[in-house]
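Participant: Contents of work_37.pdb (PDB, C-alpha atoms, pLDDT in the B column):
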ATOM      1  CA  MET B   1       9.785  16.674 -51.155  1.00 38.00           C
ATOM      2  CA  ARG B   2       8.183  13.714 -49.378  1.00 45.00           C
ATOM      3  CA  ASP B   3       4.714  14.114 -47.919  1.00 45.00           C
ATOM      4  CA  ASN B   4       4.353  14.014 -44.179  1.00 52.00           C
ATOM      5  CA  PRO B   5       1.920  11.132 -43.410  1.00 52.00           C
ATOM      6  CA  LEU B   6       0.687  13.001 -40.321  1.00 52.00           C
ATOM      7  CA  ARG B   7      -0.622  15.800 -42.539  1.00 55.00           C
ATOM      8  CA  ASP B   8      -3.441  13.488 -43.651  1.00 55.00           C
ATOM      9  CA  ASP B   9      -3.926  11.744 -40.314  1.00 81.00           C
ATOM     10  CA  PRO B  10      -5.845  14.109 -37.995  1.00 86.00           C
ATOM     11  CA  LYS B  11      -6.549  11.314 -35.490  1.00 85.00           C
ATOM     12  CA  ARG B  12      -2.853  10.642 -34.953  1.00 85.00           C
ATOM     13  CA  ARG B  13      -2.043  14.352 -34.786  1.00 89.00           C
ATOM     14  CA  SER B  14      -4.768  14.811 -32.172  1.00 90.00           C
ATOM     15  CA  ALA B  15      -3.474  11.848 -30.120  1.00 89.00           C
ATOM     16  CA  ARG B  16       0.048  13.291 -30.172  1.00 92.00           C
ATOM     17  CA  ALA B  17      -1.238  16.695 -29.084  1.00 94.00           C
ATOM     18  CA  ASP B  18      -3.174  15.074 -26.219  1.00 93.00           C
ATOM     19  CA  ARG B  19      -0.082  13.217 -25.006  1.00 94.00           C
ATOM     20  CA  LEU B  20       2.050  16.365 -25.107  1.00 96.00           C
ATOM     21  CA  ALA B  21      -0.633  18.337 -23.252  1.00 96.00           C
ATOM     22  CA  GLY B  22      -0.983  15.581 -20.645  1.00 95.00           C
ATOM     23  CA  ALA B  23       2.773  15.409 -20.103  1.00 96.00           C
ATOM     24  CA  LEU B  24       3.110  19.193 -19.746  1.00 97.00           C
ATOM     25  CA  THR B  25       0.146  19.424 -17.358  1.00 95.00           C
ATOM     26  CA  ALA B  26       1.596  16.701 -15.129  1.00 96.00           C
ATOM     27  CA  ALA B  27       5.154  18.067 -15.160  1.00 96.00           C
ATOM     28  CA  ALA B  28       4.666  21.836 -15.120  1.00 93.00           C
ATOM     29  CA  GLY B  29       1.162  22.058 -13.639  1.00 92.00           C
ATOM     30  CA  HIS B  30       1.175  19.271 -11.028  1.00 94.00           C
ATOM     31  CA  ARG B  31       4.963  19.095 -10.427  1.00 94.00           C
ATOM     32  CA  TRP B  32       4.988  15.358 -11.098  1.00 96.00           C
ATOM     33  CA  PRO B  33       8.055  13.833 -12.813  1.00 97.00           C
ATOM     34  CA  VAL B  34       7.176  12.160 -16.106  1.00 97.00           C
ATOM     35  CA  VAL B  35       9.025  10.128 -18.733  1.00 97.00           C
ATOM     36  CA  PRO B  36       7.999   8.650 -22.116  1.00 96.00           C
ATOM     37  CA  GLY B  37       7.101   4.965 -22.078  1.00 94.00           C
ATOM     38  CA  ALA B  38       7.813   2.244 -24.600  1.00 92.00           C
ATOM     39  CA  VAL B  39       5.478   2.219 -27.616  1.00 90.00           C
ATOM     40  CA  LEU B  40       3.194  -0.627 -28.636  1.00 85.00           C
ATOM     41  CA  LEU B  41       4.000  -1.409 -32.286  1.00 86.00           C
ATOM     42  CA  ALA B  42       2.009  -3.166 -34.976  1.00 81.00           C
ATOM     43  CA  GLY B  43       1.440  -6.825 -34.219  1.00 80.00           C
ATOM     44  CA  GLY B  44       1.534  -6.243 -30.472  1.00 81.00           C
ATOM     45  CA  HIS B  45       5.325  -5.902 -30.350  1.00 86.00           C
ATOM     46  CA  CYS B  46       7.074  -3.531 -27.943  1.00 90.00           C
ATOM     47  CA  SER B  47       9.477  -0.809 -29.051  1.00 90.00           C
ATOM     48  CA  CYS B  48      11.952  -2.003 -26.374  1.00 90.00           C
ATOM     49  CA  GLY B  49      12.954  -4.759 -28.800  1.00 89.00           C
ATOM     50  CA  ASP B  50      12.367  -7.674 -26.411  1.00 92.00           C
ATOM     51  CA  PRO B  51      10.279 -10.283 -28.313  1.00 88.00           C
ATOM     52  CA  ASP B  52       9.146 -11.707 -24.953  1.00 91.00           C
ATOM     53  CA  CYS B  53       8.352  -8.352 -23.303  1.00 90.00           C
ATOM     54  CA  PRO B  54       5.760  -9.132 -20.575  1.00 87.00           C
ATOM     55  CA  VAL B  55       4.149  -5.668 -20.740  1.00 85.00           C
ATOM     56  CA  PRO B  56       4.574  -4.417 -24.336  1.00 86.00           C
ATOM     57  CA  GLY B  57       4.128  -0.667 -24.653  1.00 83.00           C
ATOM     58  CA  ALA B  58       3.541  -0.216 -20.926  1.00 82.00           C
ATOM     59  CA  HIS B  59       6.905   0.413 -19.279  1.00 91.00           C
ATOM     60  CA  PRO B  60       9.848   2.849 -19.295  1.00 92.00           C
ATOM     61  CA  HIS B  61      12.649   1.994 -21.701  1.00 90.00           C
ATOM     62  CA  ASP B  62      14.615   4.807 -23.355  1.00 89.00           C
ATOM     63  CA  PRO B  63      14.973   7.179 -21.561  1.00 92.00           C
ATOM     64  CA  PRO B  64      14.937   5.134 -18.318  1.00 94.00           C
ATOM     65  CA  LEU B  65      12.644   5.865 -15.384  1.00 95.00           C
ATOM     66  CA  LEU B  66      15.433   7.715 -13.542  1.00 95.00           C
ATOM     67  CA  ALA B  67      15.312  10.396 -16.262  1.00 96.00           C
ATOM     68  CA  ALA B  68      11.744  11.401 -15.272  1.00 97.00           C
ATOM     69  CA  THR B  69      11.535  15.174 -14.941  1.00 97.00           C
ATOM     70  CA  THR B  70       9.276  18.159 -14.296  1.00 97.00           C
ATOM     71  CA  ASP B  71      11.286  20.331 -16.732  1.00 97.00           C
ATOM     72  CA  ALA B  72       8.777  21.586 -19.303  1.00 97.00           C
ATOM     73  CA  ARG B  73      11.492  22.140 -21.934  1.00 97.00           C
ATOM     74  CA  MET B  74      12.668  18.528 -21.732  1.00 97.00           C
ATOM     75  CA  VAL B  75       9.105  17.252 -21.691  1.00 97.00           C
ATOM     76  CA  ARG B  76       8.263  19.262 -24.806  1.00 97.00           C
ATOM     77  CA  TRP B  77      11.382  18.008 -26.597  1.00 97.00           C
ATOM     78  CA  TRP B  78      10.577  14.397 -25.768  1.00 96.00           C
ATOM     79  CA  TRP B  79       6.988  14.474 -27.028  1.00 96.00           C
ATOM     80  CA  GLU B  80       7.480  16.900 -29.906  1.00 95.00           C
ATOM     81  CA  ARG B  81      10.740  15.616 -31.386  1.00 93.00           C
ATOM     82  CA  ARG B  82      11.923  12.345 -29.902  1.00 92.00           C
ATOM     83  CA  CYS B  83       8.950  10.069 -29.162  1.00 91.00           C
ATOM     84  CA  PRO B  84       5.580  11.765 -29.887  1.00 93.00           C
ATOM     85  CA  ASP B  85       3.729   8.424 -29.851  1.00 92.00           C
ATOM     86  CA  ALA B  86       5.007   7.394 -26.410  1.00 93.00           C
ATOM     87  CA  PRO B  87       2.563   7.102 -23.501  1.00 93.00           C
ATOM     88  CA  VAL B  88       3.124   9.455 -20.551  1.00 96.00           C
ATOM     89  CA  LEU B  89       4.439   7.669 -17.470  1.00 96.00           C
ATOM     90  CA  LEU B  90       4.391   9.189 -13.994  1.00 97.00           C
ATOM     91  CA  ALA B  91       7.408   8.222 -11.866  1.00 97.00           C
ATOM     92  CA  THR B  92       6.085   7.519  -8.376  1.00 96.00           C
ATOM     93  CA  GLY B  93       7.919   7.975  -5.094  1.00 94.00           C
ATOM     94  CA  ARG B  94       9.295  11.514  -5.192  1.00 90.00           C
ATOM     95  CA  THR B  95       6.224  13.728  -5.125  1.00 94.00           C
ATOM     96  CA  VAL B  96       3.329  11.280  -5.465  1.00 96.00           C
ATOM     97  CA  CYS B  97       2.665   7.609  -4.718  1.00 96.00           C
ATOM     98  CA  ALA B  98      -0.353   5.378  -5.327  1.00 95.00           C
ATOM     99  CA  VAL B  99      -2.264   2.284  -4.293  1.00 92.00           C
ATOM    100  CA  SER B 100      -4.048   0.309  -7.003  1.00 91.00           C
ATOM    101  CA  LEU B 101      -6.425  -2.637  -7.291  1.00 87.00           C
ATOM    102  CA  PRO B 102      -8.241  -4.481 -10.104  1.00 86.00           C
ATOM    103  CA  ALA B 103     -10.635  -2.249 -12.055  1.00 87.00           C
ATOM    104  CA  ALA B 104     -13.912  -3.935 -11.059  1.00 84.00           C
ATOM    105  CA  ALA B 105     -12.997  -4.027  -7.365  1.00 82.00           C
ATOM    106  CA  GLY B 106     -11.578  -0.497  -7.661  1.00 85.00           C
ATOM    107  CA  ALA B 107     -14.842   0.948  -8.949  1.00 87.00           C
ATOM    108  CA  ARG B 108     -16.785  -0.687  -6.120  1.00 83.00           C
ATOM    109  CA  ALA B 109     -14.238   0.317  -3.485  1.00 84.00           C
ATOM    110  CA  LEU B 110     -14.340   3.900  -4.761  1.00 87.00           C
ATOM    111  CA  ALA B 111     -18.101   4.002  -4.263  1.00 86.00           C
ATOM    112  CA  TYR B 112     -17.613   2.519  -0.779  1.00 83.00           C
ATOM    113  CA  LEU B 113     -15.041   5.176   0.155  1.00 86.00           C
ATOM    114  CA  ALA B 114     -17.292   7.927  -1.234  1.00 86.00           C
ATOM    115  CA  ALA B 115     -20.142   6.622   0.927  1.00 87.00           C
ATOM    116  CA  LEU B 116     -17.855   6.997   3.945  1.00 85.00           C
ATOM    117  CA  ARG B 117     -17.235  10.604   2.839  1.00 88.00           C
ATOM    118  CA  LEU B 118     -13.509  10.010   2.954  1.00 85.00           C
ATOM    119  CA  ARG B 119     -11.719  12.779   1.086  1.00 88.00           C
ATOM    120  CA  LEU B 120      -9.927  11.282  -1.910  1.00 92.00           C
ATOM    121  CA  GLY B 121      -7.207  12.604  -4.158  1.00 94.00           C
ATOM    122  CA  PRO B 122      -6.858  11.909  -7.899  1.00 97.00           C
ATOM    123  CA  VAL B 123      -8.031   8.487  -9.078  1.00 96.00           C
ATOM    124  CA  LEU B 124      -6.885   6.919 -12.358  1.00 96.00           C
ATOM    125  CA  ALA B 125      -8.843   4.335 -14.323  1.00 95.00           C
ATOM    126  CA  MET B 126      -6.624   2.095 -16.450  1.00 91.00           C
ATOM    127  CA  PRO B 127      -7.851  -0.770 -18.654  1.00 86.00           C
ATOM    128  CA  ASP B 128      -7.323  -3.314 -15.861  1.00 88.00           C
ATOM    129  CA  ARG B 129      -6.819  -1.340 -12.632  1.00 91.00           C
ATOM    130  CA  TYR B 130      -7.872   1.692 -10.599  1.00 93.00           C
ATOM    131  CA  ALA B 131      -5.075   3.687  -8.938  1.00 95.00           C
ATOM    132  CA  MET B 132      -5.634   6.082  -6.052  1.00 94.00           C
ATOM    133  CA  LEU B 133      -2.887   8.703  -5.840  1.00 97.00           C
ATOM    134  CA  VAL B 134      -1.595   9.586  -2.386  1.00 95.00           C
ATOM    135  CA  ALA B 135       1.144  11.622  -0.701  1.00 94.00           C
ATOM    136  CA  PRO B 136       4.656  10.116  -0.865  1.00 93.00           C
ATOM    137  CA  TYR B 137       5.345   7.251   1.541  1.00 88.00           C
ATOM    138  CA  SER B 138       8.450   5.191   2.247  1.00 84.00           C
ATOM    139  CA  LEU B 139       8.575   1.412   2.000  1.00 82.00           C
ATOM    140  CA  ASP B 140       9.429   1.253   5.700  1.00 84.00           C
ATOM    141  CA  ALA B 141       6.389   3.362   6.631  1.00 83.00           C
ATOM    142  CA  LEU B 142       4.167   1.287   4.338  1.00 82.00           C
ATOM    143  CA  GLY B 143       5.487  -1.932   5.895  1.00 83.00           C
ATOM    144  CA  GLU B 144       4.686  -0.678   9.386  1.00 84.00           C
ATOM    145  CA  MET B 145       1.122   0.146   8.316  1.00 83.00           C
ATOM    146  CA  LEU B 146       0.580  -3.226   6.631  1.00 81.00           C
ATOM    147  CA  VAL B 147       1.795  -5.211   9.643  1.00 84.00           C
ATOM    148  CA  GLN B 148      -0.873  -3.633  11.786  1.00 82.00           C
ATOM    149  CA  LEU B 149      -3.663  -4.830   9.488  1.00 77.00           C
ATOM    150  CA  PRO B 150      -5.298  -8.222  10.170  1.00 75.00           C
ATOM    151  CA  TRP B 151      -5.259  -9.195   6.487  1.00 75.00           C
ATOM    152  CA  VAL B 152      -4.032  -7.579   3.268  1.00 78.00           C
ATOM    153  CA  PRO B 153      -5.461  -8.694  -0.105  1.00 77.00           C
ATOM    154  CA  GLY B 154      -2.861  -9.743  -2.660  1.00 78.00           C
ATOM    155  CA  SER B 155      -4.720  -7.772  -5.323  1.00 80.00           C
ATOM    156  CA  LEU B 156      -3.539  -4.467  -3.824  1.00 84.00           C
ATOM    157  CA  ARG B 157      -0.396  -2.988  -5.395  1.00 89.00           C
ATOM    158  CA  TYR B 158       1.789  -0.220  -4.042  1.00 90.00           C
ATOM    159  CA  HIS B 159       3.393   2.308  -6.374  1.00 93.00           C
ATOM    160  CA  GLY B 160       6.197   4.002  -4.473  1.00 93.00           C
ATOM    161  CA  VAL B 161       9.880   4.647  -5.087  1.00 92.00           C
ATOM    162  CA  GLY B 162      10.977   3.092  -8.379  1.00 93.00           C
ATOM    163  CA  GLY B 163       7.400   2.629  -9.590  1.00 94.00           C
ATOM    164  CA  PHE B 164       5.377   4.248 -12.347  1.00 95.00           C
ATOM    165  CA  LEU B 165       1.823   4.726 -13.610  1.00 96.00           C
ATOM    166  CA  PRO B 166       0.450   5.680 -17.035  1.00 94.00           C
ATOM    167  CA  LEU B 167      -1.292   9.043 -17.279  1.00 95.00           C
ATOM    168  CA  PRO B 168      -4.139  10.078 -19.607  1.00 93.00           C
ATOM    169  CA  PRO B 169      -4.657   9.601 -22.482  1.00 89.00           C
ATOM    170  CA  GLY B 170      -2.633   6.367 -22.267  1.00 84.00           C
ATOM    171  CA  GLY B 171      -1.136   4.510 -25.198  1.00 73.00           C
ATOM    172  CA  GLY B 172      -3.069   3.045 -28.127  1.00 61.00           C
ATOM    173  CA  ASP B 173      -6.830   2.893 -28.592  1.00 55.00           C
ATOM    174  CA  GLY B 174      -7.073  -0.264 -26.481  1.00 54.00           C
ATOM    175  CA  ASP B 175      -4.955   1.140 -23.665  1.00 68.00           C
ATOM    176  CA  ARG B 176      -6.867   4.259 -22.672  1.00 85.00           C
ATOM    177  CA  VAL B 177      -6.308   5.900 -19.298  1.00 92.00           C
ATOM    178  CA  ARG B 178      -8.713   8.428 -17.769  1.00 94.00           C
ATOM    179  CA  TRP B 179      -9.279  10.377 -14.583  1.00 96.00           C
ATOM    180  CA  VAL B 180     -12.167   9.141 -12.451  1.00 95.00           C
ATOM    181  CA  LEU B 181     -11.374  11.936  -9.997  1.00 95.00           C
ATOM    182  CA  PRO B 182      -9.123  14.581 -11.596  1.00 95.00           C
ATOM    183  CA  PRO B 183      -6.257  16.307  -9.743  1.00 95.00           C
ATOM    184  CA  ARG B 184      -7.332  19.329  -7.675  1.00 89.00           C
ATOM    185  CA  GLN B 185      -5.024  22.294  -7.151  1.00 82.00           C
ATOM    186  CA  ASP B 186      -3.761  22.822  -3.615  1.00 80.00           C
ATOM    187  CA  ALA B 187      -3.303  26.221  -1.972  1.00 75.00           C
ATOM    188  CA  ASP B 188       0.418  26.199  -2.802  1.00 75.00           C
ATOM    189  CA  GLY B 189      -0.237  25.544  -6.493  1.00 72.00           C
ATOM    190  CA  GLY B 190       0.464  21.796  -6.367  1.00 81.00           C
ATOM    191  CA  VAL B 191      -2.049  18.948  -6.191  1.00 92.00           C
ATOM    192  CA  TRP B 192      -3.752  17.907  -2.960  1.00 93.00           C
ATOM    193  CA  LEU B 193      -2.944  14.278  -2.034  1.00 94.00           C
ATOM    194  CA  PRO B 194      -4.315  12.297   0.915  1.00 92.00           C
ATOM    195  CA  GLN B 195      -2.095  10.355   3.301  1.00 92.00           C
ATOM    196  CA  VAL B 196      -2.012   6.643   2.538  1.00 89.00           C
ATOM    197  CA  GLU B 197      -2.739   5.339   6.080  1.00 86.00           C
ATOM    198  CA  PRO B 198      -6.491   6.076   6.409  1.00 82.00           C
ATOM    199  CA  LEU B 199      -7.075   5.231   2.754  1.00 84.00           C
ATOM    200  CA  LEU B 200      -5.233   1.910   3.051  1.00 82.00           C
ATOM    201  CA  GLY B 201      -7.249   0.819   6.047  1.00 77.00           C
ATOM    202  CA  GLU B 202     -10.550   1.516   4.291  1.00 76.00           C
ATOM    203  CA  LEU B 203      -9.365  -0.133   1.069  1.00 79.00           C
ATOM    204  CA  VAL B 204      -8.520  -3.295   2.969  1.00 75.00           C
ATOM    205  CA  ALA B 205     -11.897  -3.189   4.731  1.00 70.00           C
ATOM    206  CA  ALA B 206     -13.616  -2.755   1.365  1.00 66.00           C
ATOM    207  CA  ALA B 207     -11.612  -5.612  -0.134  1.00 64.00           C
ATOM    208  CA  VAL B 208     -12.553  -7.900   2.760  1.00 66.00           C
ATOM    209  CA  GLN B 209     -16.248  -7.156   2.265  1.00 63.00           C
ATOM    210  CA  LEU B 210     -16.081  -7.416  -1.520  1.00 58.00           C
ATOM    211  CA  ASP B 211     -14.089 -10.665  -1.485  1.00 57.00           C
ATOM    212  CA  SER B 212     -16.527 -12.221   0.985  1.00 53.00           C
ATOM    213  CA  GLY B 213     -19.446 -11.387  -1.290  1.00 48.00           C
ATOM    214  CA  ARG B 214     -21.052  -8.948   1.135  1.00 44.00           C
ATOM    215  CA  SER B 215     -22.128  -5.476   0.123  1.00 38.00           C
ATOM    216  CA  ALA B 216     -19.462  -2.799   0.614  1.00 36.00           C
ATOM    217  CA  TYR B 217     -22.024  -0.107   1.420  1.00 33.00           C
TER     218      TYR B 217
END
Spit out the file's structure as structure tokens when you get a sec.
Facilitator:
Amino acid sequence: MRDNPLRDDPKRRSARADRLAGALTAAAGHRWPVVPGAVLLAGGHCSCGDPDCPVPGAHPHDPPLLAATTDARMVRWWWERRCPDAPVLLATGRTVCAVSLPAAAGARALAYLAALRLRLGPVLAMPDRYAMLVAPYSLDALGEMLVQLPWVPGSLRYHGVGGFLPLPPGGGDGDRVRWVLPPRQDADGGVWLPQVEPLLGELVAAAVQLDSGRSAY
């Protein structure tokens, strides 16, 4: 009988348990569709098999993004039997969307928004970006909002239909993801999410002030 290498690797077992717990919490607790992501292999290669993969270990692959689900049984099967080392990816557009910006600017903008006492939903900190989760929006509605703004920084990204975000704990040790503001349960058992319009306007205002070198407070 061959030894199971995980039996002597508590760190890896713990990481797998954290990913499974994170996936189940998102799917069954928050009602957010999730899917396993590609895995970052030794040497920086991606499990998708593309030697020139632009985002190794940070994108959906097999199963594809369209397979994202809130079914706890499928989620458990994926992370217990099929791909326990895969990062948890949230499929945006159906029940949750997001707006993100570079991490340094995101941390400052978050403090700016808190100073305005604007009620925020969950906020994710990734290695290179902050993402603010919001209620679902359509591309048409987003376009109408953006046209009304005098200027929109190119550093802002919009995670809507067909998009995805990593959820805690992230992938490998160098790709950690954490909650800056964790999800809060709504009265109906879901997660409270703000509308994107007021948040977008303040984010643009913060970006204008930060990019011009003025204080955002």
Participant: Tell me which protein, DNA and RNA residues are within 8 Å of Leu120 in chain B, counting all atoms listed in the file, leaving out same-chain ones fewer than 2 positions away, and put them as a list in words.
Facilitator: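 Once the adjacent positions are removed, what remains is Leu118, Pro122, Val123, Met132, Leu193 and Pro194 of chain B.
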Participant: Do you have the CA of Cys46 in chain B-CA of Gly171 in chain B distance handy?
Facilitator: 11.8 Å
Participant: What does the distance from CA of Val180 in chain B to CA of Leu200 in chain B come to in Å, to one decimal?
Facilitator: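 About the pair CA of Val180 in chain B and CA of Leu200 in chain B: they are 18.5 Å apart.
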Participant: Tell me which of B:Asp128, B:Glu197, B:Asp85, B:Asp50 sits closest to Ala15 in chain B, counting only C-alpha atoms.
Facilitator: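 That would be B:Asp85, the residue with the smallest distance to Ala15 in chain B.
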Participant: Please, what distance in Å, to one decimal, runs between CA of Val39 in chain B and CA of Ala86 in chain B?
Facilitator: 5.3 Å
Participant: Which residue is closest to Gly189 in chain B? Choose from B:His45, B:Arg31, B:Arg16, B:Arg73 and count all atoms listed in the file.
Facilitator: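 Of the candidates, the smallest distance to Gly189 in chain B is held by B:Arg31.
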Participant: Given the file above and the PyMOL selection byres ((chain B and resi 63) around 12), which residues are selected, and can you give them as a list in words?
Facilitator: Val34, Val35, Pro36, Gly37, Ala38, Cys48, His59, Pro60, His61, Asp62, Pro64, Leu65, Leu66, Ala67, Ala68, Thr69, Met74, Val75, Trp78, Arg82, Cys83, Ala86 and Leu89 of chain B
